[in-house]
>>> print(open('work.pdb').read())   # PDB, C-alpha atoms (C1' of nucleotides)
MODEL        1
ATOM      1  CA  MET Q 129     -20.733 -17.428  -8.606
ATOM      2  CA  GLY Q 130     -22.028 -15.401  -5.674
ATOM      3  CA  VAL Q 131     -24.069 -12.243  -5.884
ATOM      4  CA  THR Q 132     -22.205  -8.957  -6.090
ATOM      5  CA  LYS Q 133     -23.849  -6.654  -3.608
ATOM      6  CA  ALA Q 134     -24.122  -2.939  -4.256
ATOM      7  CA  LEU Q 135     -22.368  -2.126  -1.021
ATOM      8  CA  VAL Q 136     -19.504   0.294  -0.739
ATOM      9  CA  PHE Q 137     -16.856   0.252   1.951
ATOM     10  CA  THR Q 138     -17.253   2.310   5.078
ATOM     11  CA  GLU Q 139     -15.466   5.586   5.716
ATOM     12  CA  GLU Q 140     -13.520   3.853   8.461
ATOM     13  CA  GLN Q 141     -12.364   1.121   6.131
ATOM     14  CA  TYR Q 142     -11.190   3.640   3.557
ATOM     15  CA  ARG Q 143      -9.365   5.637   6.207
ATOM     16  CA  ILE Q 144      -7.550   2.689   7.753
ATOM     17  CA  ALA Q 145      -6.542   1.500   4.292
ATOM     18  CA  GLU Q 146      -5.303   4.994   3.478
ATOM     19  CA  LEU Q 147      -3.235   5.197   6.646
ATOM     20  CA  ALA Q 148      -1.852   1.722   6.014
ATOM     21  CA  LYS Q 149      -0.932   2.701   2.491
ATOM     22  CA  ALA Q 150       1.069   5.622   3.844
ATOM     23  CA  LEU Q 151       3.092   3.102   5.836
ATOM     24  CA  ALA Q 152       3.341   0.644   2.981
ATOM     25  CA  HIS Q 153       6.815   1.578   1.816
ATOM     26  CA  PRO Q 154      10.142   0.923   3.570
ATOM     27  CA  ALA Q 155      11.338   4.449   2.820
ATOM     28  CA  ARG Q 156       8.338   5.926   4.587
ATOM     29  CA  ILE Q 157       8.825   3.561   7.522
ATOM     30  CA  ALA Q 158      12.446   4.692   7.667
ATOM     31  CA  ILE Q 159      11.366   8.334   7.606
ATOM     32  CA  ILE Q 160       8.862   7.774  10.395
ATOM     33  CA  GLN Q 161      11.350   5.831  12.491
ATOM     34  CA  HIS Q 162      13.903   8.580  12.035
ATOM     35  CA  LEU Q 163      11.435  11.241  13.109
ATOM     36  CA  LEU Q 164      10.508   9.128  16.127
ATOM     37  CA  LYS Q 165      14.140   8.532  17.047
ATOM     38  CA  GLU Q 166      15.173  12.168  16.872
ATOM     39  CA  LYS Q 167      13.006  13.520  19.587
ATOM     40  CA  SER Q 168      12.854  16.905  17.939
ATOM     41  CA  CYS Q 169      12.145  18.184  14.471
ATOM     42  CA  VAL Q 170      14.389  16.912  11.736
ATOM     43  CA  CYS Q 171      15.595  19.506   9.298
ATOM     44  CA  GLY Q 172      15.820  17.771   5.995
ATOM     45  CA  ASP Q 173      18.857  15.610   6.511
ATOM     46  CA  LEU Q 174      16.643  12.729   5.535
ATOM     47  CA  VAL Q 175      18.221  12.478   2.099
ATOM     48  CA  GLU Q 176      21.493  11.449   3.710
ATOM     49  CA  VAL Q 177      19.821   8.767   5.780
ATOM     50  CA  LEU Q 178      17.995   7.172   2.881
ATOM     51  CA  PRO Q 179      19.348   5.389  -0.194
ATOM     52  CA  LEU Q 180      17.200   7.500  -2.453
ATOM     53  CA  ALA Q 181      17.493  10.629  -4.539
ATOM     54  CA  GLN Q 182      16.344  13.913  -3.071
ATOM     55  CA  ALA Q 183      13.339  14.098  -5.374
ATOM     56  CA  THR Q 184      12.203  10.670  -4.285
ATOM     57  CA  VAL Q 185      12.546  11.469  -0.611
ATOM     58  CA  SER Q 186      10.577  14.626  -1.228
ATOM     59  CA  GLN Q 187       7.811  12.583  -2.813
ATOM     60  CA  HIS Q 188       7.601  10.266   0.182
ATOM     61  CA  LEU Q 189       7.527  13.243   2.532
ATOM     62  CA  LYS Q 190       4.740  14.724   0.467
ATOM     63  CA  GLU Q 191       2.676  11.567   0.832
ATOM     64  CA  LEU Q 192       3.196  11.423   4.564
ATOM     65  CA  LYS Q 193       2.275  15.093   4.831
ATOM     66  CA  GLN Q 194      -0.777  14.637   2.639
ATOM     67  CA  ILE Q 195      -2.151  11.924   4.866
ATOM     68  CA  GLY Q 196      -1.270  14.052   7.865
ATOM     69  CA  LEU Q 197       1.100  11.703   9.667
ATOM     70  CA  ILE Q 198       3.877  14.272   9.563
ATOM     71  CA  LYS Q 199       4.086  18.011   9.193
ATOM     72  CA  GLY Q 200       6.775  20.282   7.835
ATOM     73  CA  GLU Q 201       7.523  23.661   9.261
ATOM     74  CA  ILE Q 202       9.280  26.105   7.010
ATOM     75  CA  ASN Q 203      12.324  27.531   8.708
ATOM     76  CA  PRO Q 204      14.290  29.061   5.841
ATOM     77  CA  PRO Q 205      16.303  27.871   4.197
ATOM     78  CA  ARG Q 206      15.314  24.552   5.685
ATOM     79  CA  VAL Q 207      12.093  22.744   6.312
ATOM     80  CA  CYS Q 208      11.723  20.967   9.611
ATOM     81  CA  TYR Q 209       9.740  17.771   9.848
ATOM     82  CA  CYS Q 210       8.104  16.022  12.726
ATOM     83  CA  ILE Q 211       5.274  13.690  13.607
ATOM     84  CA  ASN Q 212       1.885  15.357  13.470
ATOM     85  CA  GLU Q 213       0.257  14.463  16.750
ATOM     86  CA  PRO Q 214      -3.516  14.492  15.951
ATOM     87  CA  VAL Q 215      -3.308  12.210  12.935
ATOM     88  CA  TRP Q 216      -0.658  10.107  14.628
ATOM     89  CA  GLU Q 217      -3.057   9.456  17.493
ATOM     90  CA  GLU Q 218      -5.820   8.729  15.016
ATOM     91  CA  ALA Q 219      -3.662   6.116  13.305
ATOM     92  CA  LYS Q 220      -2.572   4.714  16.634
ATOM     93  CA  SER Q 221      -6.147   4.102  17.725
ATOM     94  CA  ALA Q 222      -7.251   2.916  14.279
ATOM     95  CA  PHE Q 223      -4.624   0.191  14.198
ATOM     96  CA  GLY Q 224      -5.142  -0.401  17.887
ATOM     97  CA  ALA Q 225      -8.835  -1.057  17.317
ATOM     98  CA  ILE Q 226      -7.950  -3.759  14.829
ATOM     99  CA  PHE Q 227      -5.139  -5.438  16.678
ATOM    100  CA  GLN Q 228      -6.683  -5.364  20.124
ATOM    101  CA  ASN Q 229      -9.247  -7.927  19.079
ATOM    102  CA  ASP Q 230      -9.197 -11.213  20.863
ATOM    103  CA  ILE Q 231      -8.508 -13.960  18.364
ATOM    104  CA  SER Q 232      -8.039 -16.762  20.852
ATOM    105  CA  GLY Q 233     -11.644 -17.931  20.482
ATOM    106  CA  ASN Q 234     -11.338 -18.833  16.825
ATOM    107  CA  CYS Q 235     -12.017 -22.421  15.982
ATOM    108  CA  CYS Q 236      -8.657 -22.780  14.260
ATOM    109  CA  ASN Q 237      -6.412 -21.116  16.820
TER     110      ASN Q 237
ATOM    111  CA  MET J 217      21.805  17.794  -3.912
ATOM    112  CA  GLY J 218      22.796  15.615  -1.004
ATOM    113  CA  VAL J 219      24.804  12.443  -1.274
ATOM    114  CA  THR J 220      22.892   9.292  -2.103
ATOM    115  CA  LYS J 221      24.136   6.689   0.325
ATOM    116  CA  ALA J 222      24.524   3.090  -0.724
ATOM    117  CA  LEU J 223      22.294   1.960   2.110
ATOM    118  CA  VAL J 224      19.407  -0.384   1.714
ATOM    119  CA  PHE J 225      16.438  -0.558   4.043
ATOM    120  CA  THR J 226      16.463  -2.938   6.965
ATOM    121  CA  GLU J 227      14.626  -6.230   7.017
ATOM    122  CA  GLU J 228      12.337  -4.801   9.668
ATOM    123  CA  GLN J 229      11.460  -1.823   7.496
ATOM    124  CA  TYR J 230      10.646  -4.059   4.550
ATOM    125  CA  ARG J 231       8.511  -6.319   6.730
ATOM    126  CA  ILE J 232       6.511  -3.532   8.320
ATOM    127  CA  ALA J 233       5.936  -1.977   4.898
ATOM    128  CA  GLU J 234       4.821  -5.349   3.571
ATOM    129  CA  LEU J 235       2.374  -5.874   6.412
ATOM    130  CA  ALA J 236       1.054  -2.339   5.974
ATOM    131  CA  LYS J 237       0.588  -2.947   2.278
ATOM    132  CA  ALA J 238      -1.529  -5.974   3.070
ATOM    133  CA  LEU J 239      -3.822  -3.652   5.036
ATOM    134  CA  ALA J 240      -3.711  -0.905   2.428
ATOM    135  CA  HIS J 241      -7.013  -1.691   0.735
ATOM    136  CA  PRO J 242     -10.520  -1.198   2.116
ATOM    137  CA  ALA J 243     -11.584  -4.617   0.858
ATOM    138  CA  ARG J 244      -8.843  -6.290   2.838
ATOM    139  CA  ILE J 245      -9.703  -4.237   5.916
ATOM    140  CA  ALA J 246     -13.307  -5.346   5.485
ATOM    141  CA  ILE J 247     -12.208  -8.964   5.188
ATOM    142  CA  ILE J 248     -10.068  -8.731   8.322
ATOM    143  CA  GLN J 249     -12.844  -6.987  10.247
ATOM    144  CA  HIS J 250     -15.296  -9.645   9.197
ATOM    145  CA  LEU J 251     -12.984 -12.417  10.313
ATOM    146  CA  LEU J 252     -12.464 -10.651  13.626
ATOM    147  CA  LYS J 253     -16.171 -10.115  14.132
ATOM    148  CA  GLU J 254     -17.143 -13.692  13.462
ATOM    149  CA  LYS J 255     -15.350 -15.344  16.320
ATOM    150  CA  SER J 256     -15.007 -18.524  14.379
ATOM    151  CA  CYS J 257     -13.844 -19.444  10.907
ATOM    152  CA  VAL J 258     -15.722 -17.907   8.032
ATOM    153  CA  CYS J 259     -16.610 -20.225   5.219
ATOM    154  CA  GLY J 260     -16.356 -18.138   2.107
ATOM    155  CA  ASP J 261     -19.463 -16.025   2.394
ATOM    156  CA  LEU J 262     -17.161 -13.047   2.005
ATOM    157  CA  VAL J 263     -18.278 -12.422  -1.557
ATOM    158  CA  GLU J 264     -21.722 -11.531  -0.278
ATOM    159  CA  VAL J 265     -20.319  -9.087   2.243
ATOM    160  CA  LEU J 266     -18.143  -7.228  -0.233
ATOM    161  CA  PRO J 267     -19.100  -5.124  -3.285
ATOM    162  CA  LEU J 268     -16.667  -7.035  -5.425
ATOM    163  CA  ALA J 269     -16.708  -9.938  -7.821
ATOM    164  CA  GLN J 270     -15.750 -13.367  -6.550
ATOM    165  CA  ALA J 271     -12.481 -13.344  -8.478
ATOM    166  CA  THR J 272     -11.489 -10.054  -6.908
ATOM    167  CA  VAL J 273     -12.300 -11.220  -3.397
ATOM    168  CA  SER J 274     -10.271 -14.339  -4.066
ATOM    169  CA  GLN J 275      -7.328 -12.172  -5.077
ATOM    170  CA  HIS J 276      -7.497 -10.170  -1.874
ATOM    171  CA  LEU J 277      -7.732 -13.357   0.161
ATOM    172  CA  LYS J 278      -4.682 -14.652  -1.671
ATOM    173  CA  GLU J 279      -2.701 -11.570  -0.717
ATOM    174  CA  LEU J 280      -3.697 -11.811   2.914
ATOM    175  CA  LYS J 281      -2.818 -15.480   2.911
ATOM    176  CA  GLN J 282       0.494 -14.843   1.179
ATOM    177  CA  ILE J 283       1.568 -12.384   3.832
ATOM    178  CA  GLY J 284       0.318 -14.794   6.450
ATOM    179  CA  LEU J 285      -2.277 -12.632   8.175
ATOM    180  CA  ILE J 286      -5.006 -15.162   7.460
ATOM    181  CA  LYS J 287      -5.152 -18.825   6.683
ATOM    182  CA  GLY J 288      -7.641 -20.924   4.761
ATOM    183  CA  GLU J 289      -8.568 -24.429   5.718
ATOM    184  CA  ILE J 290     -10.050 -26.606   3.029
ATOM    185  CA  ASN J 291     -13.287 -28.136   4.163
ATOM    186  CA  PRO J 292     -14.861 -29.321   0.913
ATOM    187  CA  PRO J 293     -16.616 -27.956  -0.856
ATOM    188  CA  ARG J 294     -15.840 -24.826   1.099
ATOM    189  CA  VAL J 295     -12.712 -23.124   2.317
ATOM    190  CA  CYS J 296     -12.786 -21.730   5.817
ATOM    191  CA  TYR J 297     -10.854 -18.602   6.617
ATOM    192  CA  CYS J 298      -9.597 -17.177   9.863
ATOM    193  CA  ILE J 299      -6.910 -14.967  11.336
ATOM    194  CA  ASN J 300      -3.516 -16.661  11.459
ATOM    195  CA  GLU J 301      -2.317 -16.105  14.988
ATOM    196  CA  PRO J 302       1.507 -16.086  14.673
ATOM    197  CA  VAL J 303       1.691 -13.495  11.899
ATOM    198  CA  TRP J 304      -1.165 -11.558  13.476
ATOM    199  CA  GLU J 305       0.847 -11.235  16.662
ATOM    200  CA  GLU J 306       3.886 -10.268  14.644
ATOM    201  CA  ALA J 307       1.963  -7.472  12.943
ATOM    202  CA  LYS J 308       0.459  -6.411  16.239
ATOM    203  CA  SER J 309       3.852  -5.943  17.835
ATOM    204  CA  ALA J 310       5.384  -4.415  14.699
ATOM    205  CA  PHE J 311       2.761  -1.680  14.570
ATOM    206  CA  GLY J 312       2.809  -1.473  18.344
ATOM    207  CA  ALA J 313       6.535  -0.778  18.315
ATOM    208  CA  ILE J 314       5.945   2.162  16.026
ATOM    209  CA  PHE J 315       2.918   3.654  17.671
ATOM    210  CA  GLN J 316       4.025   3.207  21.257
ATOM    211  CA  ASN J 317       6.681   5.863  20.807
ATOM    212  CA  ASP J 318       6.378   8.949  22.912
ATOM    213  CA  ILE J 319       6.004  11.953  20.638
ATOM    214  CA  SER J 320       5.190  14.482  23.325
ATOM    215  CA  GLY J 321       8.798  15.670  23.553
ATOM    216  CA  ASN J 322       8.930  16.933  19.975
ATOM    217  CA  CYS J 323       9.690  20.593  19.580
ATOM    218  CA  CYS J 324       6.573  21.134  17.534
ATOM    219  CA  ASN J 325       4.044  19.241  19.597
TER     220      ASN J 325
ATOM    221  C1'  DA U 247     -22.761 -39.377 -16.111
ATOM    222  C1'  DT U 248     -24.465 -34.782 -15.645
ATOM    223  C1'  DT U 249     -25.085 -30.632 -13.278
ATOM    224  C1'  DA U 250     -24.313 -27.419  -9.534
ATOM    225  C1'  DT U 251     -21.401 -25.364  -6.110
ATOM    226  C1'  DT U 252     -17.248 -23.399  -4.356
ATOM    227  C1'  DC U 253     -13.114 -21.323  -4.907
ATOM    228  C1'  DA U 254      -8.559 -20.528  -7.429
ATOM    229  C1'  DT U 255      -6.114 -18.994 -11.390
ATOM    230  C1'  DC U 256      -5.280 -16.906 -15.966
ATOM    231  C1'  DG U 257      -5.551 -13.220 -19.199
ATOM    232  C1'  DT U 258      -6.024  -8.566 -19.813
ATOM    233  C1'  DA U 259      -7.346  -3.697 -19.320
ATOM    234  C1'  DT U 260      -7.028   0.188 -16.401
ATOM    235  C1'  DT U 261      -5.064   2.850 -13.034
ATOM    236  C1'  DA U 262      -1.652   3.869  -9.354
ATOM    237  C1'  DT U 263       3.010   3.839  -7.516
ATOM    238  C1'  DT U 264       7.768   4.407  -7.641
ATOM    239  C1'  DG U 265      12.053   6.518  -9.008
ATOM    240  C1'  DC U 266      14.903   9.959 -10.884
ATOM    241  C1'  DA U 267      16.714  13.778 -13.871
ATOM    242  C1'  DA U 268      15.615  18.288 -14.751
ATOM    243  C1'  DT U 269      13.786  22.419 -13.416
ATOM    244  C1'  DG U 270      11.834  25.959 -10.352
ATOM    245  C1'  DA U 271      11.366  28.912  -6.222
ATOM    246  C1'  DA U 272      13.109  30.985  -2.329
ATOM    247  C1'  DT U 273      16.650  32.335   0.669
ATOM    248  C1'  DA U 274      21.660  32.823   2.174
ATOM    249  C1'  DA U 275      26.363  33.749   1.259
ATOM    250  C1'  DT U 276      29.958  35.975  -1.421
TER     251       DT U 276
ATOM    252  C1'  DA W 141      24.540  40.673  -8.952
ATOM    253  C1'  DT W 142      26.120  35.997  -8.788
ATOM    254  C1'  DT W 143      26.422  31.622  -6.841
ATOM    255  C1'  DA W 144      25.195  28.070  -3.564
ATOM    256  C1'  DT W 145      21.870  25.739  -0.748
ATOM    257  C1'  DT W 146      17.541  23.657   0.295
ATOM    258  C1'  DC W 147      13.535  21.608  -0.944
ATOM    259  C1'  DA W 148       9.282  21.176  -4.061
ATOM    260  C1'  DT W 149       7.410  20.114  -8.488
ATOM    261  C1'  DT W 150       7.176  18.470 -13.215
ATOM    262  C1'  DG W 151       7.674  15.093 -16.684
ATOM    263  C1'  DC W 152       8.616  10.873 -18.077
ATOM    264  C1'  DA W 153       9.521   5.533 -17.789
ATOM    265  C1'  DA W 154       9.163   1.311 -15.461
ATOM    266  C1'  DT W 155       6.734  -1.432 -12.478
ATOM    267  C1'  DA W 156       2.944  -2.897  -9.516
ATOM    268  C1'  DA W 157      -1.883  -3.041  -8.031
ATOM    269  C1'  DT W 158      -6.686  -3.520  -9.021
ATOM    270  C1'  DA W 159     -10.725  -5.443 -11.123
ATOM    271  C1'  DC W 160     -13.273  -8.728 -13.569
ATOM    272  C1'  DG W 161     -14.714 -12.177 -17.164
ATOM    273  C1'  DA W 162     -13.527 -16.613 -18.409
ATOM    274  C1'  DT W 163     -11.873 -20.886 -17.343
ATOM    275  C1'  DG W 164     -10.265 -24.732 -14.418
ATOM    276  C1'  DA W 165     -10.255 -28.059 -10.548
ATOM    277  C1'  DA W 166     -12.441 -30.461  -7.083
ATOM    278  C1'  DT W 167     -16.310 -32.124  -4.732
ATOM    279  C1'  DA W 168     -21.458 -32.809  -3.895
ATOM    280  C1'  DA W 169     -26.007 -33.676  -5.500
ATOM    281  C1'  DT W 170     -29.158 -35.639  -8.812
TER     282       DT W 170
ENDMDL
END
>>> encode(input="work.pdb", output="structure tokens")
Amino acid sequence: MGVTKALVFTEEQYRIAELAKALAHPARIAIIQHLLKEKSCVCGDLVEVLPLAQATVSQHLKELKQIGLIKGEINPPRVCYCINEPVWEEAKSAFGAIFQNDISGNCCN
Amino acid sequence: MGVTKALVFTEEQYRIAELAKALAHPARIAIIQHLLKEKSCVCGDLVEVLPLAQATVSQHLKELKQIGLIKGEINPPRVCYCINEPVWEEAKSAFGAIFQNDISGNCCN
DNA sequence: ATTATTCATCGTATTATTGCAATGAATAAT
DNA sequence: ATTATTCATTGCAATAATACGATGAATAAT
């Protein structure tokens, strides 16, 4: 049955998984793409772009903020969102590190 | 409250989210990393590398296979796993398309 | 034939995610 | 002061993900 080792995952593995999870919903992809497309901060017109209720959009924004991929600047009465550069670069290199691997040497490729 | 538009997400958004979800667990990151590290096919010694029961590892492998990121070749009595090139390249360019964006022009960066 | 090995699948319990209506907080407009 | 706007948060309900023991299927070894 195979021995279950008492090994836990590495910090890196948890972090990549966490970042991936933040991207693991079409609404959050749509939010990110919208923020990337508008080259400046987006002031909460996201609800009109998405087929979701305001509360739901707010939840997705919260998740993206929590992980650090985006940030929201309060600019009453609106809140302006944009990509948060440091974490964005972290994610970029994390995914880059995985996908830059050379897989051509595999016996089955 | 903002008008809820009758818009559904694009195929691309669903696909990226789906691929991200496949990477959204440390065990699956560990599996992928292990397959990348071993330059050839890995014959099911994954259970010994992971702190999880065999059934759980099998589940994670199933998910990765379902999405197409890996493939398993039956080589009785073992099953050999490796990265599945076509989908791997698809994921690589999907994430690349997102992370290659220039965010330096944002008003808040 | 019997037993061992390897891996998948089923059943099930636990926990996490998703979605939205309702409400709250804070400011702007009248 | 009252009302409208903007966005966050709370409180459910429905669904999905996670984990693992138990079992099954298929082959190899004895």
>>> resolve_selection(input="work.pdb", expression="the PyMOL selection byres ((chain J) within 9 of (chain U))", output="list in words")
Gly260, Gln270, Ala271, Ser274, Gln275, Pro292, Pro293, Arg294 and Val295 of chain J
>>> interface_residues(input="work.pdb", of="chain J", to="chain Q", cutoff="8 Å", atoms="all atoms listed in the file", output="NGL selection string")
:J and (217-225 or 229-230 or 232-237 or 239-243 or 245-246 or 249 or 252 or 255-257 or 263-270 or 298-301 or 304 or 308 or 311 or 314-315 or 317-319 or 321-325)
>>> axis_aligned_box(input="work.pdb", around="segment 255-266 of chain U", padding_each_side="5 Å", output="JSON")
{"center_x": 3.8, "center_y": -4.5, "center_z": -13.7, "size_x": 32.2, "size_y": 39.0, "size_z": 22.3}
>>> interface_residues(input="work.pdb", of="chain W", to="chain J", cutoff="7 Å", atoms="all atoms listed in the file", output="list in words")
DA159, DC160 and DT167 of chain W
>>> atom_distance(input="work.pdb", atom1="atom CA of His162 of chain Q", atom2="atom C1' of DT145 of chain W")
22.8 Å
